$ cat protein18.pdb   # PDB, C-alpha atoms
ATOM      1  CA  MET A   1     161.111 105.217  77.000
ATOM      2  CA  LEU A   2     159.288 104.688  73.717
ATOM      3  CA  ASN A   3     161.085 104.928  70.391
ATOM      4  CA  LEU A   4     160.202 108.067  68.445
ATOM      5  CA  ASN A   5     159.797 108.229  64.685
ATOM      6  CA  GLY A   6     161.329 111.654  64.196
ATOM      7  CA  SER A   7     164.265 113.604  62.815
ATOM      8  CA  PRO A   8     167.279 114.171  65.100
ATOM      9  CA  LEU A   9     168.291 117.785  65.722
ATOM     10  CA  LYS A  10     171.528 119.250  67.026
ATOM     11  CA  SER A  11     169.680 121.760  69.192
ATOM     12  CA  LEU A  12     166.237 123.085  69.921
ATOM     13  CA  PRO A  13     165.469 125.532  67.074
ATOM     14  CA  ILE A  14     163.697 128.051  69.307
ATOM     15  CA  THR A  15     165.703 131.108  70.273
ATOM     16  CA  GLY A  16     165.576 132.847  73.617
ATOM     17  CA  LEU A  17     163.184 130.563  75.491
ATOM     18  CA  THR A  18     162.326 132.147  78.825
ATOM     19  CA  TRP A  19     160.305 130.450  81.552
ATOM     20  CA  GLU A  20     157.046 132.256  82.328
ATOM     21  CA  ARG A  21     155.161 130.019  84.763
ATOM     22  CA  ASP A  22     154.436 126.418  85.756
ATOM     23  CA  LEU A  23     150.897 125.311  84.930
ATOM     24  CA  LEU A  24     151.007 121.785  86.398
ATOM     25  CA  TYR A  25     153.218 120.759  89.284
ATOM     26  CA  PHE A  26     153.656 117.509  91.207
ATOM     27  CA  ASP A  27     156.997 117.055  92.955
ATOM     28  CA  GLY A  28     158.292 119.193  90.097
ATOM     29  CA  PRO A  29     156.855 120.922  87.022
ATOM     30  CA  LEU A  30     154.865 118.764  84.586
ATOM     31  CA  LEU A  31     153.623 121.527  82.285
ATOM     32  CA  SER A  32     155.314 124.904  81.940
ATOM     33  CA  GLU A  33     154.843 127.971  79.799
ATOM     34  CA  PHE A  34     157.747 129.632  77.987
ATOM     35  CA  ARG A  35     158.151 132.714  75.820
ATOM     36  CA  ALA A  36     160.499 132.771  72.830
ATOM     37  CA  SER A  37     162.473 135.827  71.750
ATOM     38  CA  ASN A  38     159.888 136.466  69.002
ATOM     39  CA  LYS A  39     157.219 136.573  71.785
ATOM     40  CA  GLU A  40     155.568 133.332  70.685
ATOM     41  CA  LYS A  41     154.437 131.069  73.521
ATOM     42  CA  TYR A  42     155.517 127.445  73.958
ATOM     43  CA  LEU A  43     154.431 124.748  76.379
ATOM     44  CA  LYS A  44     156.833 122.188  77.810
ATOM     45  CA  TYR A  45     154.998 118.979  78.710
ATOM     46  CA  TRP A  46     156.524 116.033  80.601
ATOM     47  CA  CYS A  47     155.968 112.730  78.765
ATOM     48  CA  ASP A  48     158.305 110.002  80.017
ATOM     49  CA  CYS A  49     161.538 109.131  81.782
ATOM     50  CA  ASN A  50     164.099 106.381  82.304
ATOM     51  CA  GLU A  51     167.132 106.026  84.533
ATOM     52  CA  SER A  52     169.054 108.551  82.408
ATOM     53  CA  TYR A  53     166.644 111.117  80.969
ATOM     54  CA  ASN A  54     163.399 112.993  81.357
ATOM     55  CA  ARG A  55     161.490 113.326  78.092
ATOM     56  CA  TRP A  56     159.639 116.559  77.346
ATOM     57  CA  MET A  57     157.450 117.696  74.483
ATOM     58  CA  TYR A  58     157.766 121.324  73.361
ATOM     59  CA  PHE A  59     155.042 122.798  71.199
ATOM     60  CA  ARG A  60     153.968 126.254  70.156
ATOM     61  CA  ILE A  61     150.563 127.371  71.369
ATOM     62  CA  LYS A  62     148.381 130.001  69.779
ATOM     63  CA  GLU A  63     147.513 132.854  72.116
ATOM     64  CA  GLU A  64     143.765 132.321  71.765
ATOM     65  CA  ASP A  65     144.311 128.673  72.762
ATOM     66  CA  ARG A  66     146.610 129.530  75.670
ATOM     67  CA  LEU A  67     144.039 131.878  77.174
ATOM     68  CA  ARG A  68     141.283 129.275  76.914
ATOM     69  CA  LEU A  69     143.570 126.592  78.304
ATOM     70  CA  VAL A  70     144.205 128.538  81.518
ATOM     71  CA  LEU A  71     140.495 129.360  81.761
ATOM     72  CA  GLY A  72     139.755 125.626  81.679
ATOM     73  CA  GLU A  73     137.790 125.932  78.432
ATOM     74  CA  LEU A  74     140.195 124.043  76.171
ATOM     75  CA  SER A  75     141.874 120.729  76.914
ATOM     76  CA  LEU A  76     145.614 120.242  76.666
ATOM     77  CA  LEU A  77     145.046 117.675  73.909
ATOM     78  CA  GLU A  78     143.053 120.201  71.871
ATOM     79  CA  CYS A  79     145.886 122.719  72.248
ATOM     80  CA  ILE A  80     148.325 120.201  70.765
ATOM     81  CA  LYS A  81     146.011 119.288  67.892
ATOM     82  CA  ASN A  82     145.082 122.935  67.208
ATOM     83  CA  LYS A  83     148.693 123.885  66.595
ATOM     84  CA  SER A  84     149.488 126.140  63.662
ATOM     85  CA  THR A  85     152.408 123.835  62.794
ATOM     86  CA  SER A  86     152.329 120.103  62.042
ATOM     87  CA  PHE A  87     155.183 119.080  64.335
ATOM     88  CA  VAL A  88     156.463 119.188  67.909
ATOM     89  CA  PHE A  89     159.893 118.905  69.493
ATOM     90  CA  PHE A  90     160.904 116.165  71.904
ATOM     91  CA  VAL A  91     163.824 116.734  74.241
ATOM     92  CA  ASP A  92     165.476 114.015  76.320
ATOM     93  CA  GLU A  93     167.421 115.853  78.978
ATOM     94  CA  ASN A  94     169.401 115.371  82.141
ATOM     95  CA  GLU A  95     171.735 117.614  84.103
ATOM     96  CA  ILE A  96     174.597 117.029  81.659
ATOM     97  CA  LYS A  97     173.196 116.877  78.131
ATOM     98  CA  SER A  98     170.081 116.936  75.968
ATOM     99  CA  GLU A  99     168.998 115.140  72.807
ATOM    100  CA  TYR A 100     166.483 116.636  70.382
ATOM    101  CA  GLN A 101     164.005 115.322  67.813
ATOM    102  CA  LEU A 102     161.417 116.864  65.518
ATOM    103  CA  VAL A 103     158.287 114.687  65.361
ATOM    104  CA  ASN A 104     155.186 115.104  63.211
ATOM    105  CA  LEU A 105     151.897 115.368  65.069
ATOM    106  CA  SER A 106     150.697 112.140  63.499
ATOM    107  CA  GLU A 107     153.764 110.308  64.868
ATOM    108  CA  ILE A 108     153.347 111.290  68.521
ATOM    109  CA  PRO A 109     152.821 108.065  70.520
ATOM    110  CA  ASN A 110     149.367 107.891  72.065
ATOM    111  CA  ASP A 111     150.985 107.247  75.441
ATOM    112  CA  TYR A 112     152.534 110.711  75.222
ATOM    113  CA  LEU A 113     149.280 112.518  74.508
ATOM    114  CA  PRO A 114     147.202 113.847  77.413
ATOM    115  CA  GLU A 115     143.741 112.457  78.092
ATOM    116  CA  THR A 116     140.816 114.037  76.271
ATOM    117  CA  ASP A 117     139.472 115.388  79.579
ATOM    118  CA  ALA A 118     142.789 116.916  80.695
ATOM    119  CA  TYR A 119     141.647 120.445  81.494
ATOM    120  CA  LEU A 120     143.548 122.840  83.724
ATOM    121  CA  ASN A 121     142.050 124.133  86.939
ATOM    122  CA  ILE A 122     144.245 127.000  88.033
ATOM    123  CA  ASP A 123     142.654 128.952  90.863
ATOM    124  CA  GLU A 124     145.526 131.373  91.369
ATOM    125  CA  TYR A 125     146.564 131.997  87.774
ATOM    126  CA  ILE A 126     148.445 135.254  87.262
ATOM    127  CA  GLU A 127     148.407 136.668  83.732
ATOM    128  CA  ASP A 128     151.420 138.249  82.060
ATOM    129  CA  SER A 129     152.784 141.295  83.857
ATOM    130  CA  ASN A 130     150.958 144.541  83.058
ATOM    131  CA  VAL A 131     148.458 142.863  80.736
ATOM    132  CA  ALA A 132     144.725 142.273  81.115
ATOM    133  CA  SER A 133     143.385 139.608  78.752
ATOM    134  CA  LEU A 134     139.795 139.059  77.640
ATOM    135  CA  VAL A 135     138.509 136.238  75.453
ATOM    136  CA  PHE A 136     135.325 136.156  73.409
ATOM    137  CA  GLU A 137     133.473 134.018  70.887
ATOM    138  CA  ASP A 138     131.167 134.592  67.934
ATOM    139  CA  ASN A 139     131.270 137.481  65.512
ATOM    140  CA  TRP A 140     131.336 140.771  67.349
ATOM    141  CA  LYS A 141     130.627 144.104  65.788
ATOM    142  CA  PHE A 142     133.660 146.326  66.101
ATOM    143  CA  ASP A 143     131.630 148.985  67.928
ATOM    144  CA  ASP A 144     130.614 146.408  70.553
ATOM    145  CA  LEU A 145     134.231 145.438  71.178
ATOM    146  CA  LYS A 146     135.081 149.119  71.485
ATOM    147  CA  GLU A 147     132.384 149.400  74.141
ATOM    148  CA  VAL A 148     133.860 146.484  76.117
ATOM    149  CA  TYR A 149     137.294 148.094  75.953
ATOM    150  CA  LYS A 150     135.926 151.526  76.841
ATOM    151  CA  LYS A 151     133.964 150.345  79.878
ATOM    152  CA  LEU A 152     136.822 148.276  81.310
ATOM    153  CA  THR A 153     139.430 150.998  80.863
ATOM    154  CA  GLN A 154     137.129 153.618  82.388
ATOM    155  CA  ILE A 155     136.673 151.412  85.455
ATOM    156  CA  TYR A 156     140.450 150.891  85.561
ATOM    157  CA  ASP A 157     141.130 154.641  85.268
ATOM    158  CA  PHE A 158     138.732 155.456  88.104
ATOM    159  CA  ILE A 159     140.194 152.736  90.335
ATOM    160  CA  PHE A 160     143.739 153.938  89.567
ATOM    161  CA  VAL A 161     142.960 157.526  90.567
ATOM    162  CA  ALA A 162     140.985 156.414  93.641
ATOM    163  CA  LYS A 163     143.642 153.929  94.770
ATOM    164  CA  LYS A 164     146.516 156.359  94.262
ATOM    165  CA  GLN A 165     144.376 159.280  95.516
ATOM    166  CA  LEU A 166     145.369 161.542  92.644
ATOM    167  CA  GLY A 167     144.202 165.020  91.668
ATOM    168  CA  THR A 168     140.798 166.642  91.877
ATOM    169  CA  SER A 169     137.776 166.470  89.610
ATOM    170  CA  GLY A 170     138.067 170.160  88.768
ATOM    171  CA  GLY A 171     134.356 170.705  89.302
ATOM    172  CA  MET A 172     131.824 169.936  86.570
ATOM    173  CA  PRO A 173     128.064 170.532  86.486
ATOM    174  CA  TRP A 174     127.121 166.835  86.156
ATOM    175  CA  GLN A 175     123.724 167.754  84.803
ATOM    176  CA  ASP A 176     124.354 166.401  81.298
ATOM    177  CA  GLY A 177     126.262 163.680  79.465
ATOM    178  CA  PHE A 178     129.164 165.950  78.558
ATOM    179  CA  SER A 179     130.313 166.054  82.182
ATOM    180  CA  VAL A 180     130.694 162.263  82.198
ATOM    181  CA  MET A 181     132.739 162.273  78.991
ATOM    182  CA  HIS A 182     135.024 165.067  80.215
ATOM    183  CA  PHE A 183     135.372 163.410  83.614
ATOM    184  CA  TYR A 184     136.767 160.160  82.217
ATOM    185  CA  ASN A 185     139.058 162.040  79.845
ATOM    186  CA  LYS A 186     140.360 163.958  82.846
ATOM    187  CA  LEU A 187     140.937 160.737  84.791
ATOM    188  CA  LYS A 188     143.041 159.310  81.973
ATOM    189  CA  ASP A 189     145.136 162.482  81.889
ATOM    190  CA  MET A 190     145.920 162.080  85.609
ATOM    191  CA  ILE A 191     147.492 158.644  85.162
ATOM    192  CA  PRO A 192     151.270 158.494  84.546
ATOM    193  CA  ARG A 193     152.141 157.396  81.015
ATOM    194  CA  PRO A 194     153.672 153.979  81.946
ATOM    195  CA  SER A 195     150.451 153.034  83.758
ATOM    196  CA  LYS A 196     147.947 154.290  81.195
ATOM    197  CA  SER A 197     145.647 151.659  79.741
ATOM    198  CA  TYR A 198     145.854 151.066  76.001
ATOM    199  CA  LEU A 199     144.970 148.322  73.546
ATOM    200  CA  GLU A 200     148.013 146.106  73.068
ATOM    201  CA  ALA A 201     146.554 143.435  70.786
ATOM    202  CA  ILE A 202     143.253 142.192  69.450
ATOM    203  CA  HIS A 203     142.423 139.001  67.572
ATOM    204  CA  TYR A 204     139.070 139.785  66.042
ATOM    205  CA  ALA A 205     138.051 136.471  64.454
ATOM    206  CA  SER A 206     136.295 133.915  66.651
ATOM    207  CA  PRO A 207     137.701 132.578  68.882
ATOM    208  CA  GLY A 208     139.064 136.012  69.690
ATOM    209  CA  TYR A 209     140.931 137.812  72.413
ATOM    210  CA  MET A 210     141.831 141.310  73.522
ATOM    211  CA  LYS A 211     144.949 142.283  75.463
ATOM    212  CA  ILE A 212     145.099 145.614  77.279
ATOM    213  CA  ASN A 213     148.219 147.187  78.730
ATOM    214  CA  VAL A 214     147.619 148.042  82.395
ATOM    215  CA  ASP A 215     149.335 148.363  85.747
ATOM    216  CA  SER A 216     149.071 144.827  87.164
ATOM    217  CA  GLU A 217     148.379 145.942  90.733
ATOM    218  CA  ILE A 218     145.571 148.286  89.713
ATOM    219  CA  ALA A 219     144.180 145.747  87.238
ATOM    220  CA  ASN A 220     143.820 143.227  90.070
ATOM    221  CA  VAL A 221     142.035 145.820  92.209
ATOM    222  CA  THR A 222     139.827 146.648  89.211
ATOM    223  CA  PHE A 223     138.804 143.013  88.831
ATOM    224  CA  GLU A 224     138.221 142.793  92.594
ATOM    225  CA  ALA A 225     135.936 145.833  92.335
ATOM    226  CA  ILE A 226     133.981 144.191  89.509
ATOM    227  CA  ASN A 227     133.668 140.984  91.519
ATOM    228  CA  LYS A 228     132.586 142.868  94.659
ATOM    229  CA  TYR A 229     129.917 144.597  92.607
ATOM    230  CA  LYS A 230     128.839 141.226  91.225
ATOM    231  CA  ASN A 231     128.473 139.804  94.736
ATOM    232  CA  GLU A 232     126.335 142.736  95.938
ATOM    233  CA  LYS A 233     124.766 143.701  92.646
ATOM    234  CA  LYS A 234     121.171 143.558  93.845
ATOM    235  CA  ILE A 235     121.831 145.867  96.800
ATOM    236  CA  ILE A 236     124.019 148.326  94.884
ATOM    237  CA  ASP A 237     121.598 148.512  91.962
ATOM    238  CA  GLN A 238     118.750 149.265  94.367
ATOM    239  CA  ILE A 239     120.736 152.054  96.052
ATOM    240  CA  TYR A 240     121.585 153.465  92.623
ATOM    241  CA  SER A 241     117.945 153.297  91.547
ATOM    242  CA  ASP A 242     116.745 155.015  94.722
ATOM    243  CA  LEU A 243     119.311 157.789  94.348
ATOM    244  CA  TYR A 244     118.551 158.240  90.642
ATOM    245  CA  THR A 245     114.811 158.413  91.327
ATOM    246  CA  ARG A 246     115.250 160.912  94.155
ATOM    247  CA  ILE A 247     117.421 163.204  92.021
ATOM    248  CA  LYS A 248     114.822 163.009  89.258
ATOM    249  CA  THR A 249     111.960 163.696  91.679
ATOM    250  CA  LEU A 250     113.732 166.818  92.943
ATOM    251  CA  ASP A 251     114.475 167.798  89.315
ATOM    252  CA  LEU A 252     118.116 168.449  90.250
ATOM    253  CA  ASN A 253     119.345 167.986  86.683
ATOM    254  CA  ASN A 254     117.172 170.805  85.364
ATOM    255  CA  ILE A 255     117.477 173.538  87.977
ATOM    256  CA  SER A 256     120.477 175.798  88.453
ATOM    257  CA  LEU A 257     123.636 174.031  89.577
ATOM    258  CA  THR A 258     123.812 176.137  92.747
ATOM    259  CA  ASN A 259     120.284 175.161  93.726
ATOM    260  CA  ALA A 260     120.903 171.511  92.822
ATOM    261  CA  ILE A 261     123.948 171.396  95.091
ATOM    262  CA  THR A 262     122.008 173.018  97.930
ATOM    263  CA  GLU A 263     118.931 170.827  97.572
ATOM    264  CA  PHE A 264     121.017 167.667  97.409
ATOM    265  CA  SER A 265     122.933 168.563 100.572
ATOM    266  CA  LYS A 266     119.703 169.309 102.467
ATOM    267  CA  ASP A 267     117.720 166.275 101.326
ATOM    268  CA  THR A 268     117.998 163.407 103.832
ATOM    269  CA  ASP A 269     117.155 160.745 101.231
ATOM    270  CA  CYS A 270     119.843 161.953  98.819
ATOM    271  CA  GLN A 271     122.378 161.989 101.615
ATOM    272  CA  GLN A 272     121.396 158.521 102.798
ATOM    273  CA  TYR A 273     121.591 156.907  99.357
ATOM    274  CA  TYR A 274     124.859 158.668  98.536
ATOM    275  CA  LYS A 275     126.516 157.481 101.760
ATOM    276  CA  LEU A 276     125.281 153.926 101.193
ATOM    277  CA  LEU A 277     126.799 153.950  97.705
ATOM    278  CA  VAL A 278     130.142 155.083  99.136
ATOM    279  CA  GLN A 279     130.029 152.201 101.615
ATOM    280  CA  LYS A 280     129.184 149.546  99.040
ATOM    281  CA  LEU A 281     131.537 150.418  96.179
ATOM    282  CA  TYR A 282     134.958 148.802  96.462
ATOM    283  CA  CYS A 283     138.089 150.972  96.664
ATOM    284  CA  VAL A 284     136.182 154.207  97.269
ATOM    285  CA  GLU A 285     137.218 156.009 100.446
ATOM    286  CA  SER A 286     135.017 158.873 101.601
ATOM    287  CA  ALA A 287     138.065 160.842 102.811
ATOM    288  CA  TRP A 288     139.588 160.742  99.310
ATOM    289  CA  LEU A 289     136.263 161.492  97.636
ATOM    290  CA  ASP A 290     135.761 164.548  99.865
ATOM    291  CA  LYS A 291     139.073 165.947  98.624
ATOM    292  CA  PHE A 292     138.555 164.853  95.027
ATOM    293  CA  ALA A 293     135.209 166.603  94.448
ATOM    294  CA  ASN A 294     133.763 169.744  95.998
ATOM    295  CA  THR A 295     130.127 168.823  96.656
ATOM    296  CA  ASP A 296     128.058 165.790  97.584
ATOM    297  CA  PHE A 297     126.012 166.297  94.420
ATOM    298  CA  GLU A 298     129.122 165.957  92.265
ATOM    299  CA  ARG A 299     130.460 163.066  94.350
ATOM    300  CA  SER A 300     127.204 161.161  93.977
ATOM    301  CA  LYS A 301     127.194 161.688  90.205
ATOM    302  CA  ILE A 302     130.782 160.386  89.995
ATOM    303  CA  LEU A 303     129.833 157.233  91.903
ATOM    304  CA  MET A 304     126.721 156.744  89.796
ATOM    305  CA  ALA A 305     128.784 156.954  86.605
ATOM    306  CA  HIS A 306     131.215 154.392  88.036
ATOM    307  CA  THR A 307     128.340 152.091  89.016
ATOM    308  CA  ARG A 308     126.897 152.204  85.497
ATOM    309  CA  ARG A 309     130.221 151.088  84.075
ATOM    310  CA  LEU A 310     130.542 148.251  86.559
ATOM    311  CA  LYS A 311     127.050 147.135  85.594
ATOM    312  CA  SER A 312     127.714 147.365  81.854
ATOM    313  CA  PHE A 313     130.967 145.424  81.992
ATOM    314  CA  LEU A 314     129.530 142.764  84.285
ATOM    315  CA  ASN A 315     126.669 142.280  81.823
ATOM    316  CA  PHE A 316     129.198 141.243  79.168
ATOM    317  CA  ILE A 317     130.586 138.633  81.577
ATOM    318  CA  GLU A 318     127.269 137.334  82.862
ATOM    319  CA  ASP A 319     125.817 136.747  79.416
ATOM    320  CA  GLY A 320     128.929 134.697  78.602
ATOM    321  CA  ARG A 321     130.076 136.925  75.768
ATOM    322  CA  ILE A 322     133.475 137.634  77.317
ATOM    323  CA  ARG A 323     135.683 136.048  79.956
ATOM    324  CA  VAL A 324     138.494 137.699  81.863
ATOM    325  CA  VAL A 325     141.736 135.768  82.353
ATOM    326  CA  THR A 326     142.012 136.313  86.092
ATOM    327  CA  SER A 327     141.261 134.451  89.298
ATOM    328  CA  GLU A 328     139.662 137.614  90.734
ATOM    329  CA  ILE A 329     136.413 137.169  88.780
ATOM    330  CA  GLU A 330     134.343 134.023  88.482
ATOM    331  CA  ASN A 331     133.517 133.851  84.773
ATOM    332  CA  ASN A 332     130.289 132.224  83.649
TER     333      ASN A 332
END
$ encode --input "protein18.pdb" --output "structure tokens"
Amino acid sequence: MLNLNGSPLKSLPITGLTWERDLLYFDGPLLSEFRASNKEKYLKYWCDCNESYNRWMYFRIKEEDRLRLVLGELSLLECIKNKSTSFVFFVDENEIKSEYQLVNLSEIPNDYLPETDAYLNIDEYIEDSNVASLVFEDNWKFDDLKEVYKKLTQIYDFIFVAKKQLGTSGGMPWQDGFSVMHFYNKLKDMIPRPSKSYLEAIHYASPGYMKINVDSEIANVTFEAINKYKNEKKIIDQIYSDLYTRIKTLDLNNISLTNAITEFSKDTDCQQYYKLLVQKLYCVESAWLDKFANTDFERSKILMAHTRRLKSFLNFIEDGRIRVVTSEIENN
């Protein structure tokens, strides 16, 4: 192994290191992610070996860099050079003992640095438990970031209630915007407190990230629903447009609610478009929807509201403004 120009240490000065996941593996881990007791993230990178030791480099990684690393947007070399500290730790270890050194970035041997094109390609990456992470660039207006958060959590809330088959809508007129607002507030109230979505962290400056507390299982289904919509966007948008136009033609939003419900149930076009929307939207079972809402008019309005949110959130992804740290969605 190469000689290091560093300062010997008695131990690794990082408390409570806990393994999170292996990021590179070949007959054993080559790059692993750890969490310290202060919640900072560290990477452990294999560098060298001899007949007695394996040599590893430990370095702290900023969260915005970690997220871009696993998305394949930032190279491992850039993560090392972008460190907030000017040093790394080298550990020579075997099954019996370990030896430690602190080494300045400028003193790391070139042979121990990854290639400039060393990007990760992790198809089955699983983010931290009960966390959904988004990354974004440029300078966002705070209201725009609020809209991203709002749309994603509303999709999540709907998927949670649909997947768990909770509650009932309570019956709302759905002939104005207030019904939509009250509907999503009601959904959030149905979700048990430990599974409610809330903003856990946000790094506003570019490059930025947002971390949202979620139920991991439902978050995965949520991202699957977004991806399913993406794959059939043209068809679903056309069904939505046809249903919207038919409701407008029949003036169902401006007549009495009783008449709107009756006209919708009798109109063959409304019924056809509504049933097609049920078939195309992921994680929506007609049996649950029949119990959840009282009329086809209300059910169709619920699905239309959900479709609009899928469309809005996907627009953020497709224009490249945000990326989701998940293997469920193909980011642009």
$ residues_around --input "protein18.pdb" --residues "region 117-122 of chain A" --least-positions-apart "6" --cutoff "7 Å" --atoms "only C-alpha atoms" --output "list of chain:residue names"
A:Leu69, A:Val70, A:Gly72, A:Leu74, A:Ser75, A:Leu76
$ closest_residue --input "protein18.pdb" --among "A:His203, A:Lys188, A:Lys291, A:Lys230" --to "Glu137 (chain A)" --atoms "all atoms listed in the file"
A:His203
$ residues_around --input "protein18.pdb" --residues "region 262-274 of chain A" --least-positions-apart "5" --cutoff "12 Å" --atoms "all atoms listed in the file" --output "PyMOL selection string"
chain A and resi 235-253+255-257+279-281+286+289+294-304
$ residues_around --input "protein18.pdb" --residues "Ile14 (chain A)" --least-positions-apart "4" --cutoff "10 Å" --atoms "all atoms listed in the file" --output "number ranges by chain"
A: 35-38, 40, 42, 58, 60, 89
$ residues_near_point --input "protein18.pdb" --point "(142.4, 133.4, 75.9)" --cutoff "10 Å" --atoms "all atoms listed in the file" --output "PyMOL selection string"
chain A and resi 62-71+73-74+133-136+207-211+322-325
$ axis_aligned_box --input "protein18.pdb" --around "region 292-299 of chain A" --padding-each-side "5 Å" --output "JSON"
{"center_x": 132.3, "center_y": 166.4, "center_z": 94.9, "size_x": 22.5, "size_y": 16.7, "size_z": 15.3}
$ closest_residue --input "protein18.pdb" --among "A:Val161, A:Ala287, A:Ile96, A:Leu145" --to "Tyr204 (chain A)" --atoms "all atoms listed in the file"
A:Leu145
$ resolve_selection --input "protein18.pdb" --expression "the PyMOL selection byres ((chain A and resi 167) around 12)" --output "list of chain:residue names"
A:Phe158, A:Phe160, A:Val161, A:Ala162, A:Lys163, A:Lys164, A:Gln165, A:Leu166, A:Thr168, A:Ser169, A:Gly170, A:Gly171, A:Lys186, A:Leu187, A:Lys188, A:Asp189, A:Met190, A:Ile191, A:Pro192, A:Trp288, A:Leu289, A:Asp290, A:Lys291, A:Phe292, A:Ala293
$ write_last_selection --input "protein18.pdb" --atoms "C-alpha atoms" --output "PDB file, in the coordinates of the input"
ATOM      1  CA  PHE A 158     138.732 155.456  88.104  1.00  0.00           C
ATOM      2  CA  PHE A 160     143.739 153.938  89.567  1.00  0.00           C
ATOM      3  CA  VAL A 161     142.960 157.526  90.567  1.00  0.00           C
ATOM      4  CA  ALA A 162     140.985 156.414  93.641  1.00  0.00           C
ATOM      5  CA  LYS A 163     143.642 153.929  94.770  1.00  0.00           C
ATOM      6  CA  LYS A 164     146.516 156.359  94.262  1.00  0.00           C
ATOM      7  CA  GLN A 165     144.376 159.280  95.516  1.00  0.00           C
ATOM      8  CA  LEU A 166     145.369 161.542  92.644  1.00  0.00           C
ATOM      9  CA  THR A 168     140.798 166.642  91.877  1.00  0.00           C
ATOM     10  CA  SER A 169     137.776 166.470  89.610  1.00  0.00           C
ATOM     11  CA  GLY A 170     138.067 170.160  88.768  1.00  0.00           C
ATOM     12  CA  GLY A 171     134.356 170.705  89.302  1.00  0.00           C
ATOM     13  CA  LYS A 186     140.360 163.958  82.846  1.00  0.00           C
ATOM     14  CA  LEU A 187     140.937 160.737  84.791  1.00  0.00           C
ATOM     15  CA  LYS A 188     143.041 159.310  81.973  1.00  0.00           C
ATOM     16  CA  ASP A 189     145.136 162.482  81.889  1.00  0.00           C
ATOM     17  CA  MET A 190     145.920 162.080  85.609  1.00  0.00           C
ATOM     18  CA  ILE A 191     147.492 158.644  85.162  1.00  0.00           C
ATOM     19  CA  PRO A 192     151.270 158.494  84.546  1.00  0.00           C
ATOM     20  CA  TRP A 288     139.588 160.742  99.310  1.00  0.00           C
ATOM     21  CA  LEU A 289     136.263 161.492  97.636  1.00  0.00           C
ATOM     22  CA  ASP A 290     135.761 164.548  99.865  1.00  0.00           C
ATOM     23  CA  LYS A 291     139.073 165.947  98.624  1.00  0.00           C
ATOM     24  CA  PHE A 292     138.555 164.853  95.027  1.00  0.00           C
ATOM     25  CA  ALA A 293     135.209 166.603  94.448  1.00  0.00           C
TER      26      ALA A 293
END
$ closest_residue --input "protein18.pdb" --among "A:Asn185, A:Thr153, A:Ser129, A:Thr18" --to "Phe313 (chain A)" --atoms "only C-alpha atoms"
A:Thr153
$ closest_residue --input "protein18.pdb" --among "A:Lys81, A:Arg193, A:Lys39, A:Lys233" --to "Phe59 (chain A)" --atoms "only C-alpha atoms"
A:Lys81
